[in-house]
Structure formats: structure tokens, C-alpha cells
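J.: Just so it is clear, I am handing over target.csv, which has CSV, C-alpha atoms and all ligand atoms.
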chain,number,residue,atom,x,y,z
A,1,MET,CA,-39.9,-201.7,-106.2
A,2,LYS,CA,-36.2,-202.5,-106.0
A,3,VAL,CA,-34.4,-202.5,-102.7
A,4,LEU,CA,-30.6,-202.5,-102.7
A,5,GLY,CA,-28.6,-203.7,-99.6
A,6,LEU,CA,-25.0,-202.5,-99.3
A,7,GLU,CA,-23.0,-203.6,-96.3
A,8,GLY,CA,-19.5,-202.7,-95.2
A,9,SER,CA,-18.2,-205.2,-92.7
A,10,PRO,CA,-15.2,-207.2,-93.6
A,11,ARG,CA,-16.6,-210.2,-91.7
A,12,LYS,CA,-18.6,-212.7,-93.7
A,13,ASN,CA,-22.1,-213.1,-92.5
A,14,GLY,CA,-21.4,-211.0,-89.4
A,15,ASN,CA,-24.0,-209.0,-87.4
A,16,THR,CA,-24.3,-206.1,-89.8
A,17,GLU,CA,-24.8,-208.4,-92.8
A,18,LYS,CA,-27.5,-210.4,-90.9
A,19,LEU,CA,-29.4,-207.3,-90.0
A,20,VAL,CA,-29.2,-205.8,-93.6
A,21,LYS,CA,-30.4,-209.2,-94.9
A,22,ALA,CA,-33.3,-209.3,-92.4
A,23,ILE,CA,-34.5,-205.9,-93.8
A,24,LEU,CA,-34.2,-207.2,-97.3
A,25,GLY,CA,-36.1,-210.3,-96.3
A,26,GLY,CA,-39.0,-208.2,-95.1
A,27,ALA,CA,-38.9,-206.2,-98.3
A,28,THR,CA,-39.0,-209.5,-100.3
A,29,GLU,CA,-42.0,-210.7,-98.3
A,30,LYS,CA,-43.8,-207.6,-99.6
A,31,GLY,CA,-42.9,-208.3,-103.2
A,32,ALA,CA,-39.8,-206.1,-103.6
A,33,ASP,CA,-36.9,-207.1,-105.8
A,34,THR,CA,-33.8,-207.1,-103.6
A,35,LYS,CA,-30.1,-207.2,-104.3
A,36,PHE,CA,-27.3,-207.4,-101.8
A,37,TYR,CA,-23.6,-206.4,-102.2
A,38,LYS,CA,-20.9,-206.9,-99.7
A,39,LEU,CA,-18.7,-203.8,-100.2
A,40,VAL,CA,-15.5,-205.5,-99.1
A,41,ASN,CA,-15.9,-208.1,-101.9
A,42,MET,CA,-16.0,-205.3,-104.4
A,43,ASN,CA,-13.2,-203.3,-106.0
A,44,ILE,CA,-13.8,-199.8,-104.7
A,45,SER,CA,-10.9,-197.4,-105.1
A,46,LEU,CA,-10.5,-194.3,-103.1
A,47,CYS,CA,-11.9,-191.0,-104.5
A,48,LEU,CA,-9.1,-189.2,-106.3
A,49,GLY,CA,-10.6,-185.8,-105.5
A,50,CYS,CA,-10.4,-184.6,-109.2
A,51,PHE,CA,-14.0,-183.4,-109.2
A,52,SER,CA,-14.4,-184.1,-112.9
A,53,CYS,CA,-17.5,-186.2,-111.9
A,54,ARG,CA,-19.2,-183.0,-110.7
A,55,GLU,CA,-19.3,-181.8,-114.3
A,56,THR,CA,-19.7,-185.1,-116.1
A,57,GLY,CA,-21.7,-187.2,-113.6
A,58,THR,CA,-19.2,-190.0,-114.3
A,59,CYS,CA,-16.2,-191.1,-112.2
A,60,VAL,CA,-12.8,-191.3,-114.0
A,61,THR,CA,-11.9,-194.4,-112.0
A,62,GLN,CA,-13.2,-197.6,-113.7
A,63,ASP,CA,-14.0,-200.1,-110.9
A,64,ASP,CA,-17.0,-201.7,-109.3
A,65,MET,CA,-18.5,-198.3,-108.4
A,66,GLN,CA,-19.7,-198.0,-112.0
A,67,LEU,CA,-21.8,-201.1,-111.3
A,68,LEU,CA,-23.0,-199.7,-107.9
A,69,HIS,CA,-23.8,-196.3,-109.5
A,70,GLY,CA,-26.1,-198.1,-111.9
A,71,GLU,CA,-27.7,-200.2,-109.1
A,72,ILE,CA,-28.4,-197.1,-107.0
A,73,GLN,CA,-30.0,-195.3,-110.0
A,74,SER,CA,-32.3,-198.3,-110.6
A,75,SER,CA,-33.2,-198.7,-107.0
A,76,ASP,CA,-36.1,-197.2,-105.0
A,77,ALA,CA,-34.6,-197.8,-101.6
A,78,ILE,CA,-31.1,-198.4,-100.3
A,79,ILE,CA,-30.1,-200.2,-97.0
A,80,LEU,CA,-26.6,-199.1,-96.0
A,81,GLY,CA,-25.0,-201.1,-93.2
A,82,SER,CA,-21.7,-200.7,-91.4
A,83,PRO,CA,-20.2,-201.8,-88.2
A,84,VAL,CA,-18.9,-199.0,-86.0
A,85,TYR,CA,-15.1,-198.9,-86.4
A,86,MET,CA,-13.3,-196.3,-84.2
A,87,TRP,CA,-16.5,-194.4,-83.6
A,88,GLN,CA,-17.2,-194.2,-87.4
A,89,VAL,CA,-18.2,-196.3,-90.4
A,90,SER,CA,-15.8,-199.0,-91.5
A,91,GLY,CA,-13.1,-197.9,-94.0
A,92,GLN,CA,-14.8,-199.7,-96.9
A,93,THR,CA,-18.1,-198.0,-96.2
A,94,LYS,CA,-16.3,-194.6,-96.2
A,95,LEU,CA,-14.6,-195.5,-99.5
A,96,PHE,CA,-18.1,-196.2,-100.9
A,97,MET,CA,-19.6,-193.0,-99.5
A,98,ASP,CA,-16.9,-190.8,-100.9
A,99,ARG,CA,-17.6,-192.2,-104.4
A,100,LEU,CA,-21.2,-190.9,-104.3
A,101,VAL,CA,-20.0,-187.5,-105.5
A,102,PRO,CA,-20.9,-188.1,-109.2
A,103,PHE,CA,-24.6,-187.9,-108.1
A,104,ILE,CA,-24.0,-184.3,-107.0
A,105,LYS,CA,-24.0,-181.4,-109.6
A,106,PRO,CA,-21.8,-178.4,-109.2
A,107,ASP,CA,-24.8,-176.4,-107.8
A,108,PHE,CA,-25.4,-179.2,-105.3
A,109,THR,CA,-28.6,-180.4,-106.9
A,110,SER,CA,-28.8,-184.1,-107.6
A,111,ARG,CA,-28.4,-186.4,-110.5
A,112,LEU,CA,-30.3,-189.1,-108.7
A,113,LYS,CA,-33.3,-190.4,-110.7
A,114,GLY,CA,-36.2,-189.9,-108.3
A,115,LYS,CA,-36.1,-189.7,-104.5
A,116,LYS,CA,-34.2,-192.8,-103.2
A,117,ARG,CA,-35.2,-194.0,-99.7
A,118,VAL,CA,-32.3,-194.7,-97.5
A,119,PHE,CA,-32.2,-196.7,-94.3
A,120,MET,CA,-29.0,-197.1,-92.3
A,121,VAL,CA,-28.0,-200.0,-90.1
A,122,PHE,CA,-25.1,-199.9,-87.6
A,123,THR,CA,-23.8,-202.5,-85.2
A,124,GLN,CA,-21.4,-201.7,-82.3
A,125,GLY,CA,-19.6,-203.6,-79.6
A,126,ASN,CA,-20.4,-200.9,-77.1
A,127,PRO,CA,-23.6,-201.8,-75.2
A,128,ASP,CA,-24.7,-198.1,-74.8
A,129,GLU,CA,-26.8,-197.1,-77.7
A,130,GLN,CA,-26.4,-193.4,-76.8
A,131,THR,CA,-22.6,-193.3,-77.4
A,132,PHE,CA,-22.6,-192.8,-81.2
A,133,LYS,CA,-26.1,-191.4,-81.5
A,134,VAL,CA,-24.8,-187.9,-82.6
A,135,TYR,CA,-22.7,-189.6,-85.3
A,136,PHE,CA,-25.6,-191.6,-86.7
A,137,GLU,CA,-27.7,-188.4,-86.8
A,138,TYR,CA,-24.8,-186.7,-88.6
A,139,LEU,CA,-24.9,-189.4,-91.2
A,140,GLU,CA,-28.7,-189.0,-91.6
A,141,ASN,CA,-28.1,-185.3,-92.2
A,142,LEU,CA,-25.4,-186.1,-94.7
A,143,PHE,CA,-27.7,-188.3,-96.8
A,144,SER,CA,-30.6,-185.8,-96.5
A,145,PHE,CA,-28.2,-183.1,-97.8
A,146,LEU,CA,-27.3,-185.4,-100.7
A,147,HIS,CA,-31.0,-185.5,-101.5
A,148,TYR,CA,-31.8,-189.0,-100.3
A,149,ASP,CA,-35.1,-189.6,-98.5
A,150,VAL,CA,-33.7,-190.8,-95.1
A,151,LYS,CA,-36.2,-193.2,-93.5
A,152,GLY,CA,-34.2,-193.9,-90.3
A,153,THR,CA,-31.4,-195.7,-88.6
A,154,MET,CA,-31.3,-199.0,-86.7
A,155,VAL,CA,-28.5,-199.8,-84.2
A,156,ALA,CA,-27.6,-203.1,-82.7
A,157,THR,CA,-25.4,-202.8,-79.5
A,158,GLY,CA,-23.2,-205.2,-77.7
A,159,THR,CA,-22.4,-207.3,-80.9
A,160,ARG,CA,-18.9,-208.7,-80.8
A,161,ASP,CA,-19.0,-212.3,-82.1
A,162,PRO,CA,-20.4,-212.5,-85.6
A,163,ASN,CA,-23.5,-214.4,-84.3
A,164,ASP,CA,-24.3,-212.2,-81.3
A,165,ILE,CA,-27.2,-210.6,-83.2
A,166,LEU,CA,-29.0,-213.9,-83.3
A,167,GLN,CA,-29.7,-213.4,-79.6
A,168,GLN,CA,-31.5,-210.1,-80.4
A,169,THR,CA,-34.6,-211.7,-81.9
A,170,ASP,CA,-36.7,-208.6,-81.3
A,171,LEU,CA,-34.3,-206.5,-83.3
A,172,LEU,CA,-34.2,-209.0,-86.1
A,173,GLU,CA,-38.0,-209.0,-86.2
A,174,LYS,CA,-37.9,-205.2,-86.1
A,175,ALA,CA,-35.5,-205.3,-89.1
A,176,ARG,CA,-38.0,-207.5,-91.1
A,177,GLU,CA,-40.8,-205.0,-90.3
A,178,ILE,CA,-38.7,-202.1,-91.4
A,179,GLY,CA,-38.1,-204.0,-94.7
A,180,LYS,CA,-41.9,-204.5,-95.1
A,181,ASN,CA,-42.6,-200.8,-94.3
A,182,LEU,CA,-40.0,-199.6,-96.8
A,183,VAL,CA,-42.0,-201.2,-99.5
A,184,ALA,CA,-45.5,-200.1,-98.3
B,1,LIG,C1,-11.2,-202.2,-86.1
B,1,LIG,C2,-12.5,-202.2,-85.2
B,1,LIG,C3,-12.9,-201.1,-84.6
B,1,LIG,C4,-14.0,-201.1,-83.8
B,1,LIG,N1,-14.4,-199.9,-83.2
B,1,LIG,C5,-15.5,-199.9,-82.4
B,1,LIG,C6,-15.9,-198.7,-81.8
B,1,LIG,O1,-15.3,-197.6,-81.9
B,1,LIG,N2,-17.0,-198.8,-81.0
B,1,LIG,C7,-17.8,-199.9,-80.8
B,1,LIG,O2,-18.7,-199.9,-80.1
B,1,LIG,N3,-17.4,-201.1,-81.4
B,1,LIG,C8,-16.3,-201.1,-82.2
B,1,LIG,N4,-15.9,-202.3,-82.8
B,1,LIG,C9,-16.8,-203.5,-82.7
B,1,LIG,C10,-17.7,-203.6,-83.9
B,1,LIG,O3,-18.4,-202.4,-84.2
B,1,LIG,C11,-18.8,-204.7,-83.6
B,1,LIG,O4,-18.2,-205.9,-83.2
B,1,LIG,C12,-19.7,-204.9,-84.8
B,1,LIG,O5,-20.9,-205.5,-84.4
B,1,LIG,C13,-19.0,-205.8,-85.9
B,1,LIG,O6,-19.9,-206.0,-87.0
B,1,LIG,P1,-19.9,-207.3,-87.9
B,1,LIG,O7,-20.2,-208.5,-87.0
B,1,LIG,O8,-20.9,-207.0,-88.9
B,1,LIG,O9,-18.5,-207.4,-88.4
B,1,LIG,C14,-14.8,-202.3,-83.6
B,1,LIG,C15,-14.3,-203.4,-84.3
B,1,LIG,C16,-13.2,-203.4,-85.0
B,1,LIG,C17,-12.7,-204.7,-85.7
Re-express the file's structure as C-alpha cells.
T.:
Amino acid sequence: MKVLGLEGSPRKNGNTEKLVKAILGGATEKGADTKFYKLVNMNISLCLGCFSCRETGTCVTQDDMQLLHGEIQSSDAIILGSPVYMWQVSGQTKLFMDRLVPFIKPDFTSRLKGKKRVFMVFTQGNPDEQTFKVYFEYLENLFSFLHYDVKGTMVATGTRDPNDILQQTDLLEKAREIGKNLVA
């Protein structure tokens, strides 16, 4: 079992990264192979909108997305983490998401090999966990539409300084449990 962690905060070892790594830690405890990529450290260009990938399954832009496309195909589960930026995912996370089009055929069936489990992780400065709930559900619906097996979403609220999440020990423990359950 291979679990891939992808995380889209520009901050090194911030709240989102710590939560994604806690999930990966739980998966490792259960014997999974895990890999982590910080999306801002990768060369991910914007989608050119040419749609040639819809026919060929391959993006015309040669950058680090070629590597990530391969990692996704060889993974059983993907943890996608992003801080909330302006009520949405971070820009780098959106760049990554737009580049998932090669996995979709013209008839909207999928080129993904097998059903990939997806779990999403968000952190937000706002202490109210209801504020962006509809947006998180919207993203779950998007990934279901793209033929991923969406396993759920975790949200940390009130995280401003990069270490704030360390005070939320219950949530970090929950993240480890989610990692274990993803493998079970
Ligand atoms: C450009 C920018 C936009 C943000 N927009 C929001 C927002 O709309 N709502 C919110 O609750 N927090 C917002 N935040 C706060 C972050 O979501 C929050 O601090 C998050 O935990 C940061 O994650 P990180 O520690 O992994 O970088 C914003 C932060 C930045 C830098």
C-alpha cells in the first residue's frame, strides 16, 4: 500500500504540513509506504488549457507534474493538504489541481489505475469550522466526480502561527488514526 502526501502551503513545516505528515505517520505505523511532496518546492506550471491531454493522457508541459502524475498512478491513497487562502485552496494547490486533467478522458471516464482513495486536509485562521464547510464539500464532490474514492476531510481551525496546530493534540492524534484507517 502506497500513500502519497501532497501539501500546498508555502510555509515550511506549517500547520498543514504537520497535519498531512501526522496522517502519513499513522499510515506508516500500519506498514504503508509513504511519500511526501511540498507542492511549492516543485516546478508546477499553470494549465495551458490546450486539452491535448484529454486525447493523449499526457500533458504537453514538461515540469514536475510528470513526476506527480506517475506518483499518483502508483499510489493507493492520496492526502491532499492546503491552507485556506481567501476562502479557497492556496494558489499552488490550485495549480496542481488544474493539472489533473490528463487523468480524464474525453467522455469523462478516468485513466486512473484503480480507485485512488483521497483524504483532504485544510487549515484555516478562522476559528469557526462552519465558515468554509460548503467549499470543502464542493471539493469532495469535485474529486468524486474525477473518480477518486473520497474518504473525507479534516479541518484545523484557528491556526495562524506555524506551530499553532501543536496545541491541538486531539486533532493530531485523530490525523494519525485517519492514516491508520486509510491503510486498513
Ligand atoms: C494569503 C492568505 C490568505 C488567507 N486567507 C484565509 C481565509 O480566507 N480564511 C481563513 O480562515 N484563513 C486564511 N488565512 C490563514 C491560513 O489559512 C492559516 O493561517 C493556515 O493555517 C496556514 O497554514 P500553514 O501554517 O500550513 O501555512 C490566509 C492566510 C494567507 C497567508
J.: Show which residues sit within 7 Å of range 23-40 of chain A, as a PyMOL selection string. Count all atoms listed in the file, and ignore same-chain residues fewer than 6 positions away.
T.: chain A and resi 1-10+92+175-180+182-183
J.: Mind pulling up the distance from CA of Asp107 in chain A to CA of Thr56 in chain A?
T.: 13.1 Å
J.: Could you give me, as JSON, numbers by chain, every polymer residue with an atom at most 9 Å away from an atom of ligand LIG 1 (chain B), counting only C-alpha atoms and all ligand atoms?
T.: {"A": [7, 8, 9, 10, 11, 12, 13, 14, 15, 16, 17, 18, 19, 81, 82, 83, 84, 85, 86, 87, 88, 89, 90, 122, 123, 124, 125, 126, 127, 128, 129, 131, 132, 156, 157, 158, 159, 160, 161, 162, 163, 164, 165]}
J.: Figure out the distance between CA of Gly91 in chain A and CA of Asp170 in chain A, please, to one decimal in Å.
T.: 28.9 Å
J.: Which one of A:Leu172, A:Ile44, A:Val20, A:Leu112 sits closest to Gln66 in chain A if you count all atoms listed in the file?
T.: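 Once distances to Gln66 in chain A are computed over all atoms listed in the file, the minimum belongs to A:Ile44.
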J.: Which residues, written as a PyMOL selection string, have at least one atom at most 12 Å from Ser52 in chain A, with only C-alpha atoms counted and residues fewer than 5 positions away on the same chain left out?
T.: chain A and resi 47+57-61+101-106
J.: For the atom pair CA of Thr109 in chain A and CA of Leu142 in chain A, what is the interatomic distance in Å to one decimal place?
T.: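 About the pair CA of Thr109 in chain A and CA of Leu142 in chain A: they are 13.8 Å apart.
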J.: Return the single residue from A:Val150, A:Val155, A:Leu139, A:Leu46 that is closest to Arg99 in chain A, with distances computed using all atoms listed in the file.
T.: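 Nearest to Arg99 in chain A: A:Leu46.
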J.: Looking at A:Leu166, A:Leu80, A:Val121, A:Met65, which one is nearest to Thr93 in chain A, with distances taken over all atoms listed in the file?
T.: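 Answer, going by the shortest atom-to-atom distance: A:Leu80.
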J.: Could you tell me which of A:Gln167, A:Ala77, A:Ala184, A:Met154 comes closest to Phe136 in chain A if we count all atoms listed in the file?
T.: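 Closest residue, counting all atoms listed in the file: A:Met154.
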J.: Taking all atoms listed in the file into account, which of A:Ser110, A:Ile72, A:Lys133, A:Tyr148 comes nearest Glu55 in chain A?
T.: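 That would be A:Ser110, the residue with the smallest distance to Glu55 in chain A.
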J.: Padding of 3 Å on every side, edges along x, y and z, all listed atoms of range 108-117 of chain A included: what centre and edge lengths in Å, to one decimal, does that box have, as AutoDock Vina command-line options?
T.:
--center_x -30.8 --center_y -186.6 --center_z -105.2 --size_x 16.8 --size_y 20.8 --size_z 17.0
J.: Can you work out which one of A:Leu100, A:Ile79, A:Glu173, A:Leu95 has the shortest atom-to-atom distance to Thr153 in chain A, counting all atoms listed in the file?
T.: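 Once distances to Thr153 in chain A are computed over all atoms listed in the file, the minimum belongs to A:Ile79.
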